[in-house]
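Engineer: Please find data-v8.pdb (PDB, C-alpha atoms) on the next line:
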```pdb
ATOM      1  CA  MET A  90       0.000   0.000   0.000
ATOM      2  CA  SER A  91       1.129   3.499  -0.616
ATOM      3  CA  LYS A  92       1.058   6.325   1.894
ATOM      4  CA  ARG A  93      -2.097   7.516   0.186
ATOM      5  CA  ASP A  94      -3.820   4.204   0.959
ATOM      6  CA  GLY A  95      -2.807   4.573   4.595
ATOM      7  CA  SER A  96      -4.298   8.055   4.796
ATOM      8  CA  ALA A  97      -7.517   6.808   3.189
ATOM      9  CA  LEU A  98      -7.686   4.099   5.839
ATOM     10  CA  VAL A  99      -7.160   6.753   8.521
ATOM     11  CA  ARG A 100     -10.034   8.840   7.098
ATOM     12  CA  VAL A 101     -12.351   5.840   6.892
ATOM     13  CA  ARG A 102     -11.340   4.767  10.391
ATOM     14  CA  SER A 103     -12.024   8.236  11.813
ATOM     15  CA  GLY A 104     -15.474   8.257  10.192
ATOM     16  CA  ILE A 105     -16.276   4.851  11.645
ATOM     17  CA  GLU A 106     -14.971   5.951  15.047
ATOM     18  CA  TRP A 107     -17.221   9.031  14.895
ATOM     19  CA  LEU A 108     -20.244   6.834  14.080
ATOM     20  CA  SER A 109     -19.353   4.507  16.943
ATOM     21  CA  LYS A 110     -19.167   7.492  19.312
ATOM     22  CA  VAL A 111     -22.629   8.600  18.197
ATOM     23  CA  ALA A 112     -23.979   5.072  18.720
ATOM     24  CA  ASN A 113     -22.303   4.947  22.131
ATOM     25  CA  ALA A 114     -23.874   8.286  23.066
ATOM     26  CA  ILE A 115     -27.275   6.819  22.190
ATOM     27  CA  ALA A 116     -26.432   3.817  24.380
ATOM     28  CA  LEU A 117     -25.565   6.128  27.272
ATOM     29  CA  VAL A 118     -28.874   7.953  26.888
ATOM     30  CA  MET A 119     -30.633   4.577  26.959
ATOM     31  CA  VAL A 120     -28.901   3.714  30.248
ATOM     32  CA  VAL A 121     -30.216   6.916  31.802
ATOM     33  CA  LEU A 122     -33.719   6.295  30.408
ATOM     34  CA  MET A 123     -33.663   2.703  31.716
ATOM     35  CA  MET A 124     -32.688   3.990  35.119
ATOM     36  CA  LEU A 125     -35.489   6.578  35.138
ATOM     37  CA  LEU A 126     -38.033   4.079  33.852
ATOM     38  CA  THR A 127     -37.078   1.543  36.521
ATOM     39  CA  VAL A 128     -37.256   4.108  39.332
ATOM     40  CA  ILE A 129     -40.632   5.403  38.156
ATOM     41  CA  ASP A 130     -41.913   1.845  37.698
ATOM     42  CA  VAL A 131     -40.837   0.792  41.211
ATOM     43  CA  LEU A 132     -42.239   3.961  42.796
ATOM     44  CA  GLY A 133     -45.495   3.539  40.898
ATOM     45  CA  ARG A 134     -45.777  -0.100  41.908
ATOM     46  CA  TYR A 135     -45.076   0.366  45.621
ATOM     47  CA  LEU A 136     -46.527   3.819  46.296
ATOM     48  CA  PHE A 137     -49.566   3.824  44.025
ATOM     49  CA  SER A 138     -50.001   0.116  43.174
ATOM     50  CA  THR A 139     -49.766   1.108  39.504
ATOM     51  CA  PRO A 140     -46.679  -0.097  37.667
ATOM     52  CA  ILE A 141     -45.838   1.187  34.197
ATOM     53  CA  ILE A 142     -47.518  -1.078  31.674
ATOM     54  CA  GLY A 143     -44.817  -2.561  29.458
ATOM     55  CA  GLY A 144     -42.032  -1.169  31.629
ATOM     56  CA  PHE A 145     -40.148  -4.448  31.693
ATOM     57  CA  GLU A 146     -40.513  -4.808  27.915
ATOM     58  CA  LEU A 147     -39.192  -1.287  27.343
ATOM     59  CA  THR A 148     -36.251  -1.990  29.647
ATOM     60  CA  GLN A 149     -35.387  -5.108  27.637
ATOM     61  CA  PHE A 150     -35.361  -3.178  24.363
ATOM     62  CA  MET A 151     -33.309  -0.356  25.828
ATOM     63  CA  MET A 152     -30.817  -2.914  27.152
ATOM     64  CA  ALA A 153     -30.462  -4.348  23.647
ATOM     65  CA  MET A 154     -29.711  -0.838  22.393
ATOM     66  CA  VAL A 155     -27.105  -0.361  25.128
ATOM     67  CA  VAL A 156     -25.327  -3.614  24.268
ATOM     68  CA  PHE A 157     -25.367  -3.420  20.478
ATOM     69  CA  PHE A 158     -24.696   0.315  20.204
ATOM     70  CA  GLY A 159     -21.777  -0.019  22.610
ATOM     71  CA  LEU A 160     -19.965  -2.862  20.824
ATOM     72  CA  ALA A 161     -18.198  -0.813  18.132
ATOM     73  CA  TYR A 162     -17.059   1.886  20.527
ATOM     74  CA  THR A 163     -15.697  -0.741  22.888
ATOM     75  CA  GLN A 164     -13.720  -2.248  19.995
ATOM     76  CA  VAL A 165     -12.392   1.194  19.014
ATOM     77  CA  LYS A 166     -11.135   1.662  22.575
ATOM     78  CA  LYS A 167      -9.836  -1.949  22.698
ATOM     79  CA  GLY A 168     -12.013  -2.518  25.728
ATOM     80  CA  HIS A 169     -13.160  -6.057  24.978
ATOM     81  CA  VAL A 170     -11.854  -8.747  27.286
ATOM     82  CA  SER A 171      -8.695 -10.451  26.091
ATOM     83  CA  VAL A 172      -6.647 -13.160  27.732
ATOM     84  CA  SER A 173      -3.060 -12.815  26.638
ATOM     85  CA  PHE A 174      -0.937 -14.489  29.306
ATOM     86  CA  LEU A 175       0.191 -17.164  26.824
ATOM     87  CA  VAL A 176       0.516 -14.911  23.788
ATOM     88  CA  ASP A 177       2.636 -12.408  25.730
ATOM     89  CA  LYS A 178       5.325 -15.060  26.110
ATOM     90  CA  LEU A 179       5.642 -15.533  22.321
ATOM     91  CA  SER A 180       7.925 -13.653  19.937
ATOM     92  CA  PRO A 181       6.691 -10.348  18.453
ATOM     93  CA  ARG A 182       6.351 -11.959  15.012
ATOM     94  CA  THR A 183       4.208 -14.778  16.343
ATOM     95  CA  ARG A 184       2.096 -12.348  18.398
ATOM     96  CA  THR A 185       1.509 -10.265  15.275
ATOM     97  CA  ALA A 186       0.472 -13.326  13.264
ATOM     98  CA  ILE A 187      -1.850 -14.531  16.019
ATOM     99  CA  GLY A 188      -3.292 -11.018  16.316
ATOM    100  CA  LEU A 189      -4.066 -10.934  12.600
ATOM    101  CA  ALA A 190      -5.553 -14.430  12.708
ATOM    102  CA  THR A 191      -7.828 -13.603  15.640
ATOM    103  CA  THR A 192      -8.872 -10.353  13.971
ATOM    104  CA  MET A 193      -9.736 -12.278  10.800
ATOM    105  CA  PHE A 194     -11.679 -14.811  12.864
ATOM    106  CA  SER A 195     -13.497 -11.980  14.675
ATOM    107  CA  LEU A 196     -14.386 -10.371  11.365
ATOM    108  CA  GLY A 197     -15.776 -13.652  10.035
ATOM    109  CA  LEU A 198     -17.772 -14.272  13.193
ATOM    110  CA  THR A 199     -19.116 -10.725  13.183
ATOM    111  CA  ALA A 200     -20.115 -11.061   9.517
ATOM    112  CA  LEU A 201     -21.965 -14.263  10.361
ATOM    113  CA  MET A 202     -23.797 -12.541  13.232
ATOM    114  CA  VAL A 203     -24.745  -9.605  10.972
ATOM    115  CA  ARG A 204     -26.098 -12.010   8.358
ATOM    116  CA  GLN A 205     -28.106 -14.053  10.840
ATOM    117  CA  SER A 206     -29.470 -10.942  12.571
ATOM    118  CA  TRP A 207     -30.471  -9.540   9.194
ATOM    119  CA  LEU A 208     -32.260 -12.774   8.279
ATOM    120  CA  GLN A 209     -34.066 -12.782  11.637
ATOM    121  CA  ALA A 210     -35.119  -9.154  11.142
ATOM    122  CA  GLN A 211     -36.476 -10.075   7.701
ATOM    123  CA  ALA A 212     -38.449 -12.931   9.264
ATOM    124  CA  TYR A 213     -39.910 -10.529  11.838
ATOM    125  CA  ILE A 214     -40.905  -8.128   9.058
ATOM    126  CA  LYS A 215     -42.678 -10.896   7.132
ATOM    127  CA  SER A 216     -44.454 -12.272  10.185
ATOM    128  CA  GLY A 217     -45.327  -8.867  11.652
ATOM    129  CA  THR A 218     -44.206  -9.989  15.107
ATOM    130  CA  LEU A 219     -45.375  -7.696  17.901
ATOM    131  CA  THR A 220     -44.253  -7.375  21.489
ATOM    132  CA  LEU A 221     -46.445  -9.197  24.005
ATOM    133  CA  VAL A 222     -47.502  -6.345  26.284
ATOM    134  CA  LEU A 223     -47.274  -3.128  24.284
ATOM    135  CA  GLU A 224     -48.052  -4.814  20.946
ATOM    136  CA  VAL A 225     -45.571  -2.722  18.961
ATOM    137  CA  PRO A 226     -43.520  -4.166  16.083
ATOM    138  CA  ILE A 227     -40.336  -5.850  17.268
ATOM    139  CA  VAL A 228     -38.388  -5.127  14.048
ATOM    140  CA  PRO A 229     -37.109  -1.632  14.926
ATOM    141  CA  PHE A 230     -35.670  -2.901  18.179
ATOM    142  CA  PHE A 231     -34.195  -6.003  16.576
ATOM    143  CA  SER A 232     -32.661  -3.939  13.780
ATOM    144  CA  VAL A 233     -30.497  -2.281  16.417
ATOM    145  CA  ALA A 234     -28.589  -5.577  16.625
ATOM    146  CA  VAL A 235     -27.988  -5.543  12.880
ATOM    147  CA  PHE A 236     -26.649  -1.980  12.859
ATOM    148  CA  GLY A 237     -24.609  -2.412  16.034
ATOM    149  CA  LEU A 238     -22.977  -5.582  14.707
ATOM    150  CA  LEU A 239     -22.390  -3.923  11.343
ATOM    151  CA  PHE A 240     -20.556  -1.032  13.055
ATOM    152  CA  LEU A 241     -18.519  -3.579  15.020
ATOM    153  CA  GLY A 242     -17.640  -5.387  11.794
ATOM    154  CA  LEU A 243     -16.456  -2.149  10.205
ATOM    155  CA  VAL A 244     -14.199  -1.413  13.174
ATOM    156  CA  VAL A 245     -12.758  -4.941  13.106
ATOM    157  CA  LEU A 246     -12.217  -4.636   9.334
ATOM    158  CA  THR A 247     -10.249  -1.413   9.776
ATOM    159  CA  ASP A 248      -8.255  -3.120  12.557
ATOM    160  CA  LEU A 249      -7.419  -5.922  10.134
ATOM    161  CA  LEU A 250      -6.456  -3.555   7.313
ATOM    162  CA  ASP A 251      -4.347  -1.473   9.670
ATOM    163  CA  GLY A 252      -2.521  -4.558  10.959
ATOM    164  CA  ALA A 253      -1.907  -5.800   7.422
ATOM    165  CA  ARG A 254      -0.630  -2.353   6.393
ATOM    166  CA  ARG A 255       1.806  -2.284   9.294
ATOM    167  CA  ILE A 256       3.141  -5.718   8.377
ATOM    168  CA  GLU A 257       3.370  -4.828   4.701
ATOM    169  CA  ASN A 258       5.475  -1.794   5.565
ATOM    170  CA  SER A 259       7.850  -3.941   7.660
ATOM    171  CA  ARG A 260      10.393  -6.542   6.611
ATOM    172  CA  GLU A 261       8.084  -9.327   7.820
ATOM    173  CA  ARG A 262       5.704  -9.446   4.847
ATOM    174  CA  TRP A 263       5.558 -13.232   4.978
ATOM    175  CA  LEU A 264       3.479 -12.855   8.152
ATOM    176  CA  LEU A 265       0.564 -11.818   5.958
ATOM    177  CA  LEU A 266       0.308 -15.466   4.854
ATOM    178  CA  LEU A 267       0.299 -16.893   8.356
ATOM    179  CA  PRO A 268      -3.211 -15.797   9.474
ATOM    180  CA  GLY A 269      -4.703 -17.234   6.299
ATOM    181  CA  CYS A 270      -2.919 -20.533   6.945
ATOM    182  CA  LEU A 271      -4.133 -20.589  10.540
ATOM    183  CA  LEU A 272      -7.712 -19.920   9.455
ATOM    184  CA  PHE A 273      -7.428 -22.614   6.803
ATOM    185  CA  LEU A 274      -6.392 -25.095   9.493
ATOM    186  CA  LEU A 275      -9.310 -24.044  11.715
ATOM    187  CA  VAL A 276     -11.859 -24.504   8.944
TER     188      VAL A 276
END
```
Just dump the structure as structure tokens.

Structural biologist:
Amino acid sequence: MSKRDGSALVRVRSGIEWLSKVANAIALVMVVLMMLLTVIDVLGRYLFSTPIIGGFELTQFMMAMVVFFGLAYTQVKKGHVSVSFLVDKLSPRTRTAIGLATTMFSLGLTALMVRQSWLQAQAYIKSGTLTLVLEVPIVPFFSVAVFGLLFLGLVVLTDLLDGARRIENSRERWLLLLPGCLLFLLV
């Protein structure tokens, strides 16, 4: 890749990071709304014997928004759990190859989750599935999973491209073959 390709990757990455920050801000708002809804629901139930109808259902959907809108931002900040006590003992070359292989695996797994979530959303559209209590369509809430996973996939893709670019610019270009070989062995 040329320097120009690297700067294009930086621009794309910054756009994706901005979108993930927006999604994360929405997730944070949902946390506050869940908290308010729960407090009002509990107060209504115990003080006035009148809970909020559909309060639990709304909390479930807001929780889905929190989880799926927070995934990409967590990946941008490298905040996902990783266990590296074995990998840390390996050589830098081997760590780099394993890092690329796991990033490729993560990208494939994320793509599979996006596809399956999309197919499930399509099934909900066709069936017209409604929530049990509030009887509102479930598709808008389920689509949050599709978009959140798609944002995560874009972040993982830019991680993969960035790692490949760093290797390509080094003397260890042969490492670019290693993750593909490892994935081939796993499949």

Engineer: Is there a way to get, as a VMD selection string, all residues within 12 Å of the point (-39.5, 0.3, 14.5) in file coordinates, counting only C-alpha atoms?

Structural biologist: chain A and resid 150 210 213 to 214 217 to 220 224 to 233

Engineer: Using all atoms listed in the file, can you tell me which of A:Ala186, A:Val165, A:Met124, A:Leu98 comes closest to Phe240 of chain A?

Structural biologist: A:Val165

Engineer: Do you know which residues are at most 10 Å from Val118 of chain A counting only C-alpha atoms, after dropping those on the same chain fewer than 5 positions away, and could you put them as a PyMOL selection string?

Structural biologist: chain A and resi 112-113+123-124+151+154-155

Engineer: Quick one: pull the distance between atom CA of Ser180 of chain A and atom CA of Arg255 of chain A, Å, one decimal.

Structural biologist: 16.7 Å

Engineer: With all atoms listed in the file as the counted atoms, please give the residues lying no more than 7 Å from Gly242 of chain A, apart from itself and same-chain residues fewer than 6 positions off, as JSON, numbers by chain.

Structural biologist: {"A": [196, 199, 200]}

Engineer: Please measure the separation of atom CA of Val176 of chain A and atom CA of Gly188 of chain A, giving the value in Å to one decimal.

Structural biologist: 9.2 Å

Engineer: Around segment 194-209 of chain A, fit a box with edges along x, y and z, padding it by 5 Å on each side, then list its centre and edge lengths in Å to one decimal as JSON.

Structural biologist:
```
{"center_x": -22.9, "center_y": -12.2, "center_z": 11.5, "size_x": 32.4, "size_y": 15.3, "size_z": 16.4}
```

Engineer: Closest to Phe158 of chain A among A:Ala234, A:Val222, A:Ile129, A:Val245, using all atoms listed in the file?

Structural biologist: A:Ala234

Engineer: Could you tell me which residues the PyMOL selection byres ((chain A and resi 197) around 12) returns for this structure, as number ranges by chain?

Structural biologist: A: 190-196, 198-204, 238-239, 241-243, 245-246, 249, 272, 276

Engineer: Starting from the shown file, work through the PyMOL selection byres ((chain A and resi 161) around 6) and note down what comes out as a list in words.

Structural biologist: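 That expression, the PyMOL selection byres ((chain A and resi 161) around 6), corresponds here to Ser109, Gly159, Leu160, Tyr162, Thr163, Gln164, Phe240 and Leu241 of chain A.
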
Engineer: What is the distance between atom CA of Asp130 of chain A and atom CA of Leu117 of chain A, in Å to one decimal?

Structural biologist: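 Pair atom CA of Asp130 of chain A / atom CA of Leu117 of chain A returns 19.9 Å.
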
Engineer: Using the chain letters and residue numbers of this document, give as a VMD selection string the residues selected by the PyMOL selection byres ((chain A and resi 251) around 12).

Structural biologist: chain A and resid 90 94 to 99 101 to 102 185 188 to 189 192 244 to 250 252 to 258

Engineer: I need the residue nearest Ala153 of chain A from this list: A:Ile115, A:Ile105, A:Leu208, A:Leu221. Use all atoms listed in the file for the distance.

Structural biologist: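 Smallest distance to Ala153 of chain A is found for A:Ile115.
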
Engineer: My list of candidates is A:Lys166, A:Ala212, A:Thr148, A:Thr139. Which is closest to Glu106 of chain A when distances are computed with only C-alpha atoms?

Structural biologist: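 Residue with the minimum atom-to-atom distance to Glu106 of chain A: A:Lys166.
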